[in-house]
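Participant: Have a look at this one before I ask anything.
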Amino acid sequence: MQARRRSRWGLWLGLGLVLLLSVGAGVYGQATRVFLGETASRADGTLQLATTALGGYLERFERLPPLLARQVAIRNLAAAPDDPDAIDAANLFLQEVTEDLGASDIYFMDMTGLTLAASNFAQPHSFVGGNFAFRPYFSDAVASGAGRFYALGTTSLKRGYYFGAPVNDGDKVLGVVALKIDVDAVEATWTGADYHVIVVDPQGVAFLTSKPEWRFGRTRPMTAEGQSALEATRRYADATLFDIPLVRDRTGAGHVLWRTGAPGQEAQEYLVADLSMPEADWTMMVLQSTAPARAQAMIVTLGSVLALALLGMIIAVVLQRRARLRDLLVMQAAAQTQLETRVVERTRELAVVNEALGAEVAERRQAEASLRRAQDDLVQAAKMAALGQMSTALGHEVNQPLGALRNYAESAVMLLSKDRLAETQTALERILAMTDRIAAIAKRLHTFGRRPGAQLVAVDIGDTVEAAREIAGPRRGHRRWCRAGQGGAGAPATGAGQPSDQCRGCRGHARGSPGACQRSYGRQLRHHAGRGQRAGRSA
């Protein structure tokens with residue numbers, strides 16, 4: 001079961017990883033498209049600003065060459081190209097104007113392209129004497145009245161943008177005034193943290209760029225026609241052109257991507273936004289780095305994958321806990337069933353053991369009861385034996401009271417016949433004392449002979465009460481006689497209140513205290529009643 005569960009969890013883990021990879025790929029693709037779209041928007045904005053700035057910078061100097069062509073110093077030189085004074089005046093004028101306008105160079109060429117005067121006439125690399133008829137800004141100015149061209153100076157070896165304007169005398173063109181502006185200042189403003197700006201010519205050569213290592217680099221393969229045009233115009237003079245190592249690609253939304261990097265260097269990717277500038281005959285490009293966009297896409301992807309993984313882990317933990325709980329319940333149910341089975345078996349065993357113990361206890365109790373009965377029998381036998389031994393000694397003790405009873409009874413009869421009541425009462429009292437002594441001896445014998453532990457039970461005392469009445473009957477008649485002798489109703493004629501006429505109790509109280517005879521008779525009656533009850537209980 002554990003192996004099957006591990007296999008199932010491994011399958012679910014594999015499916016979860018596949019799901020995470022699929023979701024991560026989908027999220028990364030969508031996030032990349034979104035963030036690359038934002039990058040393209042930023043690149044377009046940067047391109048618009050750079051194009052506007054460059055266009056404004058060029059327009060600042062575009063109208064100056066026609067104005068310079070109408071100046072007196074220039075027109076005098078055009079009219080008299082061999083006049084030294086005119087040449088000197090033109091040189092000084094162009095030098096002064098160049099300093100005031102902030103241009104790079106201003107110079108005048110005749111119709112053959114020969115430079116007659118220049119603002120840098122006093123410098124070592126002066127344009128004076130140079131022929132620039134091969135430059136398009138000269139031929140375009142003569143042919144159409146205006147010329148433009150960007151190139152690397154053949155004399156100064158500095159990059160610049162050239163404006164040309166004809167010097168006219170009516171309908172006749174006498175020469176051309178050329179103005180060169182420096183583009184280094186414009187290029188210095190194209191610095192950014194995650195983008196680059198480049199300007200390429202129709203042949204794809206990067207003329208202006210914020211990335212110095214790409215300067216004069218080819219962004220695409222050079223055609224034979226393009227190579228011929230470059231050689232004819234000497235746009236880049238003696239500069240060596242090279243191919244920029246890049247790979248072109250496109251996003252799903254159609255944005256151009258450049259991946260650059262020399263062998264052994266870290267590759268970089270840029271999103272390219274371009275805009276054509278037909279007046280200058282070049283194309284401006286903004287290369288926005290895609291690294292921040294892809295980093296953001298990766299962060300979003302990782303966040304999504306981690307969130308999904310966390311959710312999966314929570315679900316897995318919940319399912320695992322449920323599985324463990326289910327297994328625990330199954331184990332508990334199995335354990336409970338096993339425990340119940342063992343309890344039933346143990347209960348059955350205990351029942352058998354209890355039955356055996358019960359039988360053993362009953363047997364032991366029976367044996368104990370038999371032992372006790374045997375002991376009681378032995379004790380009783382010992383008592384009876386002791387009674388047999390005591391009978392001889394007790395015979396004397398019983399016969400002596402019996403003899404005394406007989407003598408006292410005969411004496412009482414004799415004294416009664418002589419009407420000696422006081423002596424008769426004394427004899428009867430001694431008879432009663434002897435009777436009590438015999439009863440006490442009999443009671444001790446009866447108690448000694450009783451079995452130990454015998455319990456008293458309820459008995460019928462009706463016969464005992466009747467016997468007590470028979471015994472107490474004469475005493476009750478005596479009581480009536482005693483009352484009569486004291487002067488009550490039915491008293492004998494012998495006379496009340498005399499000692500000879502009173503009972504023994506009355507004689508005991510010769511002083512005649514009231515009720516003495518009654519108390520004496522009551523004591524005797526209770527004495528006999530008690531003896532009768534004891535006799536009944538003993539029975």
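Going by the structure tokens order, chains are called A, B, ..., each with residues numbered from 1, while ligands are numbered from 1 in the order shown.
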What's around Glu279 (chain A) at 12 Å? Count only C-alpha atoms, leave out sequence neighbours fewer than 5 positions away in its own chain, and write the answer as a list in words.

Facilitator: Leu54, Gly55, Leu58, Glu59, Glu62, Ala146, Gly147, Arg148, Phe149, Tyr150 and Phe163 of chain A

Participant: Got time to write the residues from that selection, N, CA, C and O atoms, as a short mmCIF file (atom, residue, chain, number, x, y, z; two decimals), in the first residue's frame?

Facilitator:
```
data_model
loop_
_atom_site.label_atom_id
_atom_site.label_comp_id
_atom_site.auth_asym_id
_atom_site.auth_seq_id
_atom_site.Cartn_x
_atom_site.Cartn_y
_atom_site.Cartn_z
N LEU A 54 17.08 66.44 -32.89
CA LEU A 54 18.01 66.48 -34.02
C LEU A 54 17.47 67.36 -35.15
O LEU A 54 18.22 68.16 -35.76
N GLY A 55 16.17 67.23 -35.43
CA GLY A 55 15.57 68.05 -36.47
C GLY A 55 15.66 69.53 -36.14
O GLY A 55 15.95 70.38 -37.00
N LEU A 58 19.20 70.79 -36.70
CA LEU A 58 19.53 70.99 -38.11
C LEU A 58 18.81 72.21 -38.68
O LEU A 58 19.39 72.97 -39.48
N GLU A 59 17.56 72.39 -38.29
CA GLU A 59 16.83 73.55 -38.79
C GLU A 59 17.44 74.86 -38.33
O GLU A 59 17.28 75.91 -38.97
N GLU A 62 19.87 75.47 -41.14
CA GLU A 62 19.44 75.22 -42.51
C GLU A 62 19.29 76.51 -43.33
O GLU A 62 19.63 76.56 -44.52
N ALA A 146 19.86 73.93 -53.31
CA ALA A 146 20.11 73.57 -51.91
C ALA A 146 20.72 72.18 -51.88
O ALA A 146 20.35 71.30 -52.67
N GLY A 147 21.64 72.02 -50.95
CA GLY A 147 22.27 70.71 -50.82
C GLY A 147 22.50 70.34 -49.35
O GLY A 147 22.70 71.21 -48.51
N ARG A 148 22.41 69.03 -49.10
CA ARG A 148 22.64 68.51 -47.74
C ARG A 148 23.46 67.24 -47.85
O ARG A 148 23.30 66.46 -48.80
N PHE A 149 24.28 67.04 -46.82
CA PHE A 149 25.07 65.82 -46.83
C PHE A 149 25.75 65.67 -45.46
O PHE A 149 26.13 66.65 -44.83
N TYR A 150 25.80 64.41 -44.99
CA TYR A 150 26.54 64.12 -43.76
C TYR A 150 27.68 63.20 -44.14
O TYR A 150 27.50 62.25 -44.92
N PHE A 163 25.56 71.86 -45.22
CA PHE A 163 24.51 72.56 -45.96
C PHE A 163 25.17 73.35 -47.11
O PHE A 163 26.22 73.99 -46.90
#
```

Participant: List as an MDAnalysis selection string the protein and nucleic acid residues near region 209-221 of chain A, meaning an atom at most 6 Å away when only C-alpha atoms are counted, but skip any in the same chain fewer than 4 places from it.

Facilitator: chainID A and resid 190 196:198 204:205 241:244

Participant: Please save N, CA, C and O atoms of the selected residues as an mmCIF file, in the first residue's frame.

Facilitator:
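Once written, result06.cif looks like this:
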```
data_model
loop_
_atom_site.group_PDB
_atom_site.id
_atom_site.type_symbol
_atom_site.label_atom_id
_atom_site.label_comp_id
_atom_site.auth_asym_id
_atom_site.auth_seq_id
_atom_site.Cartn_x
_atom_site.Cartn_y
_atom_site.Cartn_z
ATOM 1 N N TRP A 190 22.570 61.779 -26.317
ATOM 2 C CA TRP A 190 21.867 60.500 -26.460
ATOM 3 C C TRP A 190 22.438 59.464 -25.485
ATOM 4 O O TRP A 190 22.925 58.408 -25.885
ATOM 5 N N HIS A 196 19.887 53.038 -26.546
ATOM 6 C CA HIS A 196 20.901 53.666 -27.388
ATOM 7 C C HIS A 196 20.209 54.282 -28.598
ATOM 8 O O HIS A 196 19.166 53.770 -29.044
ATOM 9 N N VAL A 197 20.824 55.370 -29.134
ATOM 10 C CA VAL A 197 20.310 56.043 -30.328
ATOM 11 C C VAL A 197 21.385 55.972 -31.405
ATOM 12 O O VAL A 197 22.561 56.278 -31.133
ATOM 13 N N ILE A 198 20.967 55.536 -32.568
ATOM 14 C CA ILE A 198 21.905 55.499 -33.695
ATOM 15 C C ILE A 198 21.220 56.095 -34.921
ATOM 16 O O ILE A 198 19.986 56.081 -35.033
ATOM 17 N N GLY A 204 22.940 51.538 -44.367
ATOM 18 C CA GLY A 204 22.905 50.871 -43.075
ATOM 19 C C GLY A 204 24.127 51.091 -42.227
ATOM 20 O O GLY A 204 24.324 50.372 -41.225
ATOM 21 N N VAL A 205 24.948 52.093 -42.553
ATOM 22 C CA VAL A 205 26.140 52.384 -41.763
ATOM 23 C C VAL A 205 25.763 53.348 -40.638
ATOM 24 O O VAL A 205 25.094 54.360 -40.864
ATOM 25 N N LEU A 241 35.148 50.440 -42.279
ATOM 26 C CA LEU A 241 33.799 49.981 -41.937
ATOM 27 C C LEU A 241 33.847 48.518 -41.500
ATOM 28 O O LEU A 241 34.688 47.748 -41.951
ATOM 29 N N PHE A 242 32.923 48.152 -40.646
ATOM 30 C CA PHE A 242 32.876 46.780 -40.136
ATOM 31 C C PHE A 242 31.407 46.385 -39.917
ATOM 32 O O PHE A 242 30.512 47.236 -39.898
ATOM 33 N N ASP A 243 31.203 45.117 -39.763
ATOM 34 C CA ASP A 243 29.850 44.595 -39.519
ATOM 35 C C ASP A 243 29.609 44.480 -38.006
ATOM 36 O O ASP A 243 30.417 43.894 -37.278
ATOM 37 N N ILE A 244 28.495 45.052 -37.593
ATOM 38 C CA ILE A 244 28.105 44.932 -36.177
ATOM 39 C C ILE A 244 27.554 43.524 -35.954
ATOM 40 O O ILE A 244 26.634 43.093 -36.658
#
```

Participant: Do you know which residues are at most 10 Å from Asn76 (chain A) counting only C-alpha atoms, after dropping those on the same chain fewer than 5 positions away, and could you put them as a PyMOL selection string?

Facilitator: chain A and resi 71+81+83+85-87+89-90

Participant: Restricting it to all heavy atoms, dump the selection as a CSV table (one decimal), in the first residue's frame.

Facilitator:
```csv
chain,number,residue,atom,x,y,z
A,71,GLN,N,25.6,87.8,-48.9
A,71,GLN,CA,26.5,88.8,-48.3
A,71,GLN,C,27.5,89.4,-49.3
A,71,GLN,O,27.9,88.7,-50.2
A,71,GLN,CB,27.2,88.2,-47.1
A,71,GLN,CG,26.3,87.7,-46.0
A,71,GLN,CD,25.4,88.7,-45.5
A,71,GLN,OE1,25.9,89.9,-45.1
A,71,GLN,NE2,24.1,88.4,-45.4
A,81,PRO,N,37.1,86.1,-58.3
A,81,PRO,CA,37.7,85.0,-57.5
A,81,PRO,C,39.2,85.1,-57.4
A,81,PRO,O,39.8,84.5,-56.5
A,81,PRO,CB,37.3,83.7,-58.3
A,81,PRO,CG,36.9,84.2,-59.6
A,81,PRO,CD,36.4,85.6,-59.5
A,83,ASP,N,40.9,88.0,-56.9
A,83,ASP,CA,41.3,89.3,-56.2
A,83,ASP,C,41.7,88.9,-54.8
A,83,ASP,O,40.9,88.4,-54.0
A,83,ASP,CB,40.1,90.2,-56.2
A,83,ASP,CG,40.4,91.6,-55.6
A,83,ASP,OD1,41.6,91.7,-55.1
A,83,ASP,OD2,39.5,92.4,-55.5
A,85,ASP,N,42.4,90.8,-52.2
A,85,ASP,CA,41.6,91.6,-51.2
A,85,ASP,C,40.3,91.0,-51.0
A,85,ASP,O,39.8,90.9,-49.8
A,85,ASP,CB,41.5,93.0,-51.6
A,85,ASP,CG,42.9,93.7,-51.7
A,85,ASP,OD1,43.8,93.3,-50.9
A,85,ASP,OD2,43.0,94.7,-52.4
A,86,ALA,N,39.6,90.6,-52.0
A,86,ALA,CA,38.3,89.9,-51.9
A,86,ALA,C,38.4,88.6,-51.1
A,86,ALA,O,37.6,88.3,-50.3
A,86,ALA,CB,37.7,89.7,-53.2
A,87,ILE,N,39.5,87.9,-51.4
A,87,ILE,CA,39.7,86.6,-50.7
A,87,ILE,C,40.0,86.9,-49.2
A,87,ILE,O,39.4,86.2,-48.3
A,87,ILE,CB,40.9,85.9,-51.3
A,87,ILE,CG1,40.5,85.4,-52.7
A,87,ILE,CG2,41.2,84.6,-50.5
A,87,ILE,CD1,41.7,84.8,-53.5
A,89,ALA,N,39.1,89.5,-47.4
A,89,ALA,CA,37.8,90.0,-46.8
A,89,ALA,C,36.8,88.8,-46.6
A,89,ALA,O,36.2,88.7,-45.5
A,89,ALA,CB,37.2,91.0,-47.7
A,90,ALA,N,36.8,87.9,-47.5
A,90,ALA,CA,35.8,86.8,-47.4
A,90,ALA,C,36.3,85.8,-46.2
A,90,ALA,O,35.5,85.3,-45.4
A,90,ALA,CB,35.8,86.0,-48.7
```

Participant: From the options A:Arg326, A:Arg364, A:Ala50, A:Asn131, which residue's atoms come nearest to Leu275 (chain A), counting only C-alpha atoms?

Facilitator: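 Checking each candidate against Leu275 (chain A), we get A:Ala50 as the closest.
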
Participant: Near Met434 (chain A), within 12 Å and counting only C-alpha atoms, which residues show up once chain neighbours fewer than 6 positions away are dropped, as a PDB file with N, CA and C atoms, in the first residue's frame?

Facilitator:
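Result written to part_32.pdb:
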```
ATOM      1  N   GLU A 397     -24.719 -30.357  93.887  1.00  0.00           N
ATOM      2  CA  GLU A 397     -25.190 -29.005  93.980  1.00  0.00           C
ATOM      3  C   GLU A 397     -26.690 -28.917  93.801  1.00  0.00           C
ATOM      4  N   VAL A 398     -27.292 -29.784  92.990  1.00  0.00           N
ATOM      5  CA  VAL A 398     -28.751 -29.738  92.757  1.00  0.00           C
ATOM      6  C   VAL A 398     -29.485 -30.462  93.883  1.00  0.00           C
ATOM      7  N   ASN A 399     -28.953 -31.584  94.341  1.00  0.00           N
ATOM      8  CA  ASN A 399     -29.668 -32.376  95.367  1.00  0.00           C
ATOM      9  C   ASN A 399     -29.735 -31.620  96.687  1.00  0.00           C
ATOM     10  N   GLN A 400     -28.667 -30.868  96.946  1.00  0.00           N
ATOM     11  CA  GLN A 400     -28.686 -30.131  98.204  1.00  0.00           C
ATOM     12  C   GLN A 400     -29.812 -29.104  98.255  1.00  0.00           C
ATOM     13  N   PRO A 401     -30.020 -28.242  97.191  1.00  0.00           N
ATOM     14  CA  PRO A 401     -31.166 -27.321  97.209  1.00  0.00           C
ATOM     15  C   PRO A 401     -32.495 -28.048  97.232  1.00  0.00           C
ATOM     16  N   LEU A 402     -32.553 -29.185  96.529  1.00  0.00           N
ATOM     17  CA  LEU A 402     -33.815 -29.922  96.499  1.00  0.00           C
ATOM     18  C   LEU A 402     -34.153 -30.440  97.909  1.00  0.00           C
ATOM     19  N   GLY A 403     -33.136 -30.917  98.618  1.00  0.00           N
ATOM     20  CA  GLY A 403     -33.405 -31.390  99.988  1.00  0.00           C
ATOM     21  C   GLY A 403     -33.836 -30.250 100.881  1.00  0.00           C
ATOM     22  N   ALA A 404     -33.146 -29.107 100.667  1.00  0.00           N
ATOM     23  CA  ALA A 404     -33.515 -27.952 101.483  1.00  0.00           C
ATOM     24  C   ALA A 404     -34.927 -27.515 101.161  1.00  0.00           C
ATOM     25  N   LEU A 405     -35.279 -27.574  99.832  1.00  0.00           N
ATOM     26  CA  LEU A 405     -36.651 -27.205  99.434  1.00  0.00           C
ATOM     27  C   LEU A 405     -37.662 -28.095 100.130  1.00  0.00           C
ATOM     28  N   ARG A 406     -37.381 -29.363 100.187  1.00  0.00           N
ATOM     29  CA  ARG A 406     -38.342 -30.275 100.799  1.00  0.00           C
ATOM     30  C   ARG A 406     -38.508 -29.963 102.288  1.00  0.00           C
ATOM     31  N   ASN A 407     -37.373 -29.694 102.965  1.00  0.00           N
ATOM     32  CA  ASN A 407     -37.447 -29.407 104.399  1.00  0.00           C
ATOM     33  C   ASN A 407     -38.201 -28.106 104.637  1.00  0.00           C
ATOM     34  N   TYR A 408     -37.886 -27.069 103.805  1.00  0.00           N
ATOM     35  CA  TYR A 408     -38.566 -25.791 103.969  1.00  0.00           C
ATOM     36  C   TYR A 408     -40.049 -25.908 103.652  1.00  0.00           C
ATOM     37  N   ALA A 409     -40.410 -26.737 102.667  1.00  0.00           N
ATOM     38  CA  ALA A 409     -41.838 -26.917 102.339  1.00  0.00           C
ATOM     39  C   ALA A 409     -42.579 -27.602 103.487  1.00  0.00           C
ATOM     40  N   ALA A 427     -40.017 -19.298 105.545  1.00  0.00           N
ATOM     41  CA  ALA A 427     -39.730 -20.594 104.936  1.00  0.00           C
ATOM     42  C   ALA A 427     -39.981 -20.551 103.443  1.00  0.00           C
ATOM     43  N   LEU A 428     -41.081 -19.915 103.039  1.00  0.00           N
ATOM     44  CA  LEU A 428     -41.385 -19.824 101.597  1.00  0.00           C
ATOM     45  C   LEU A 428     -40.344 -18.989 100.861  1.00  0.00           C
ATOM     46  N   ALA A 440     -30.538 -20.931  88.336  1.00  0.00           N
ATOM     47  CA  ALA A 440     -29.274 -20.370  87.851  1.00  0.00           C
ATOM     48  C   ALA A 440     -28.332 -21.474  87.418  1.00  0.00           C
ATOM     49  N   ILE A 441     -28.256 -22.564  88.231  1.00  0.00           N
ATOM     50  CA  ILE A 441     -27.398 -23.693  87.852  1.00  0.00           C
ATOM     51  C   ILE A 441     -27.867 -24.295  86.537  1.00  0.00           C
TER      52      ILE A 441
END
```

Participant: Separation of CA of His125 (chain A) and CA of Tyr107 (chain A), in Å?

Facilitator: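 Atom-to-atom, CA of His125 (chain A) and CA of Tyr107 (chain A) are spaced 13.1 Å apart.
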
Participant: Using only C-alpha atoms, which residues sit within 10 Å of Leu20 (chain A) once same-chain residues fewer than 5 positions away are excluded, as a list in words?

Facilitator: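 Within the cut-off, the hits are Gly14, Leu15, Ala25, Gly26, Ser304, Val305, Leu306, Leu308, Ala309 and Gly312 of chain A.
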
Participant: Can I get the selection written as an mmCIF file, in the first residue's frame, with all heavy atoms?

Facilitator:
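This is the output file result_16.cif:
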```
data_model
loop_
_atom_site.group_PDB
_atom_site.id
_atom_site.type_symbol
_atom_site.label_atom_id
_atom_site.label_comp_id
_atom_site.auth_asym_id
_atom_site.auth_seq_id
_atom_site.Cartn_x
_atom_site.Cartn_y
_atom_site.Cartn_z
ATOM 1 N N GLY A 14 4.919 14.589 -10.767
ATOM 2 C CA GLY A 14 5.308 14.810 -12.157
ATOM 3 C C GLY A 14 4.288 15.650 -12.905
ATOM 4 O O GLY A 14 4.650 16.580 -13.654
ATOM 5 N N LEU A 15 3.004 15.341 -12.703
ATOM 6 C CA LEU A 15 1.954 16.141 -13.353
ATOM 7 C C LEU A 15 1.988 17.586 -12.867
ATOM 8 O O LEU A 15 1.791 18.523 -13.653
ATOM 9 C CB LEU A 15 0.586 15.513 -13.078
ATOM 10 C CG LEU A 15 0.326 14.150 -13.729
ATOM 11 C CD1 LEU A 15 -1.032 13.604 -13.299
ATOM 12 C CD2 LEU A 15 0.395 14.256 -15.252
ATOM 13 N N ALA A 25 5.494 28.847 -18.629
ATOM 14 C CA ALA A 25 5.769 29.246 -20.010
ATOM 15 C C ALA A 25 4.684 30.184 -20.541
ATOM 16 O O ALA A 25 4.973 31.197 -21.185
ATOM 17 C CB ALA A 25 5.880 28.001 -20.888
ATOM 18 N N GLY A 26 3.424 29.829 -20.261
ATOM 19 C CA GLY A 26 2.336 30.697 -20.727
ATOM 20 C C GLY A 26 2.378 32.076 -20.094
ATOM 21 O O GLY A 26 2.229 33.104 -20.780
ATOM 22 N N SER A 304 3.959 33.991 -10.195
ATOM 23 C CA SER A 304 2.805 33.155 -10.537
ATOM 24 C C SER A 304 3.094 31.683 -10.268
ATOM 25 O O SER A 304 2.261 30.962 -9.694
ATOM 26 C CB SER A 304 2.433 33.356 -12.008
ATOM 27 O OG SER A 304 2.137 34.705 -12.283
ATOM 28 N N VAL A 305 4.306 31.256 -10.689
ATOM 29 C CA VAL A 305 4.651 29.848 -10.474
ATOM 30 C C VAL A 305 4.747 29.531 -8.985
ATOM 31 O O VAL A 305 4.272 28.486 -8.518
ATOM 32 C CB VAL A 305 5.977 29.524 -11.188
ATOM 33 C CG1 VAL A 305 6.478 28.142 -10.799
ATOM 34 C CG2 VAL A 305 5.792 29.595 -12.703
ATOM 35 N N LEU A 306 5.366 30.461 -8.229
ATOM 36 C CA LEU A 306 5.466 30.236 -6.780
ATOM 37 C C LEU A 306 4.098 30.224 -6.124
ATOM 38 O O LEU A 306 3.826 29.402 -5.233
ATOM 39 C CB LEU A 306 6.349 31.315 -6.148
ATOM 40 C CG LEU A 306 7.844 31.233 -6.463
ATOM 41 C CD1 LEU A 306 8.581 32.399 -5.834
ATOM 42 C CD2 LEU A 306 8.428 29.916 -5.968
ATOM 43 N N LEU A 308 1.288 29.413 -7.627
ATOM 44 C CA LEU A 308 0.647 28.159 -8.017
ATOM 45 C C LEU A 308 1.273 26.983 -7.279
ATOM 46 O O LEU A 308 0.565 26.061 -6.839
ATOM 47 C CB LEU A 308 0.767 27.972 -9.529
ATOM 48 C CG LEU A 308 0.052 26.749 -10.120
ATOM 49 C CD1 LEU A 308 -1.442 26.831 -9.837
ATOM 50 C CD2 LEU A 308 0.287 26.662 -11.619
ATOM 51 N N ALA A 309 2.626 27.029 -7.140
ATOM 52 C CA ALA A 309 3.285 25.954 -6.393
ATOM 53 C C ALA A 309 2.844 25.941 -4.935
ATOM 54 O O ALA A 309 2.621 24.876 -4.347
ATOM 55 C CB ALA A 309 4.801 26.114 -6.491
ATOM 56 N N GLY A 312 -0.490 24.541 -4.867
ATOM 57 C CA GLY A 312 -0.388 23.086 -5.021
ATOM 58 C C GLY A 312 0.121 22.409 -3.766
ATOM 59 O O GLY A 312 -0.355 21.325 -3.396
#
```

Participant: Would you mind writing down, as a list in words, each residue of region 24-123 of chain A that DSSP on the backbone assigns to strand (DSSP E)?

Facilitator: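 Strand (DSSP E) members of region 24-123 of chain A, listed: Asp105, Ile106, Tyr107, Phe108, Met109, Asp110, Thr115, Leu116, Ala117 and Ala118 of chain A.
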
Participant: To one decimal place, how far is CA of Thr240 (chain A) from CA of Glu266 (chain A) in Å?

Facilitator: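 We find that CA of Thr240 (chain A) and CA of Glu266 (chain A) lie 24.8 Å from each other.
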
Participant: Excluding Ala151 (chain A) and its own-chain neighbours fewer than 4 positions away, which residues fall within 7 Å of it when counting only C-alpha atoms? Please give them as a list in words.

Facilitator: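 The neighbour list is Arg159, Gly160, Tyr161, Arg235 and Tyr236 of chain A.
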
Participant: Output N, CA and C atoms for every residue in the selection just made, as a compact mmCIF listing (two decimals), in the first residue's frame.

Facilitator:
```txt
# COMPACT_ATOMS: atom_id res chain seq x y z
N ARG A 159 33.40 64.23 -38.16
CA ARG A 159 32.05 64.05 -38.69
C ARG A 159 31.32 65.39 -38.68
N GLY A 160 30.47 65.57 -39.70
CA GLY A 160 29.70 66.79 -39.76
C GLY A 160 28.56 66.68 -40.74
N TYR A 161 27.67 67.64 -40.61
CA TYR A 161 26.54 67.73 -41.53
C TYR A 161 26.72 69.01 -42.32
N ARG A 235 32.07 59.41 -48.38
CA ARG A 235 31.33 59.83 -47.17
C ARG A 235 32.12 59.55 -45.91
N TYR A 236 32.79 58.43 -45.86
CA TYR A 236 33.51 58.09 -44.63
C TYR A 236 35.01 58.16 -44.81
```

Participant: Would you please work out which residue, of A:Met331, A:Leu208, A:Leu13, A:Ala229, is nearest to Ala188 (chain A) when using only C-alpha atoms?

Facilitator: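 Closest to Ala188 (chain A), using only C-alpha atoms: A:Leu208.
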
Participant: Which value, in Å to one decimal, gives the distance between CA of Tyr195 (chain A) and CA of Ala31 (chain A)?

Facilitator: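 Here the two named atoms are 20.6 Å from each other.
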
Participant: Report as a PyMOL selection string all protein, DNA and RNA residues lying within 6 Å of region 169-181 of chain A, evaluated on only C-alpha atoms, omitting residues in the same chain fewer than 3 positions from it.

Facilitator: chain A and resi 78+103-111+160-166

Participant: Can you tell me, as an MDAnalysis selection string, which residues in region 208-434 of chain A count as helix (DSSP H, G or I) by DSSP?

Facilitator: chainID A and resid 212:214 224:233 291:417 421:434

Participant: Which one is closest to Asp249 (chain A): A:Tyr270, A:Arg373, A:Asn91, A:Asp463? Count only C-alpha atoms.

Facilitator: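 Using only C-alpha atoms, the shortest distance to Asp249 (chain A) belongs to A:Tyr270.
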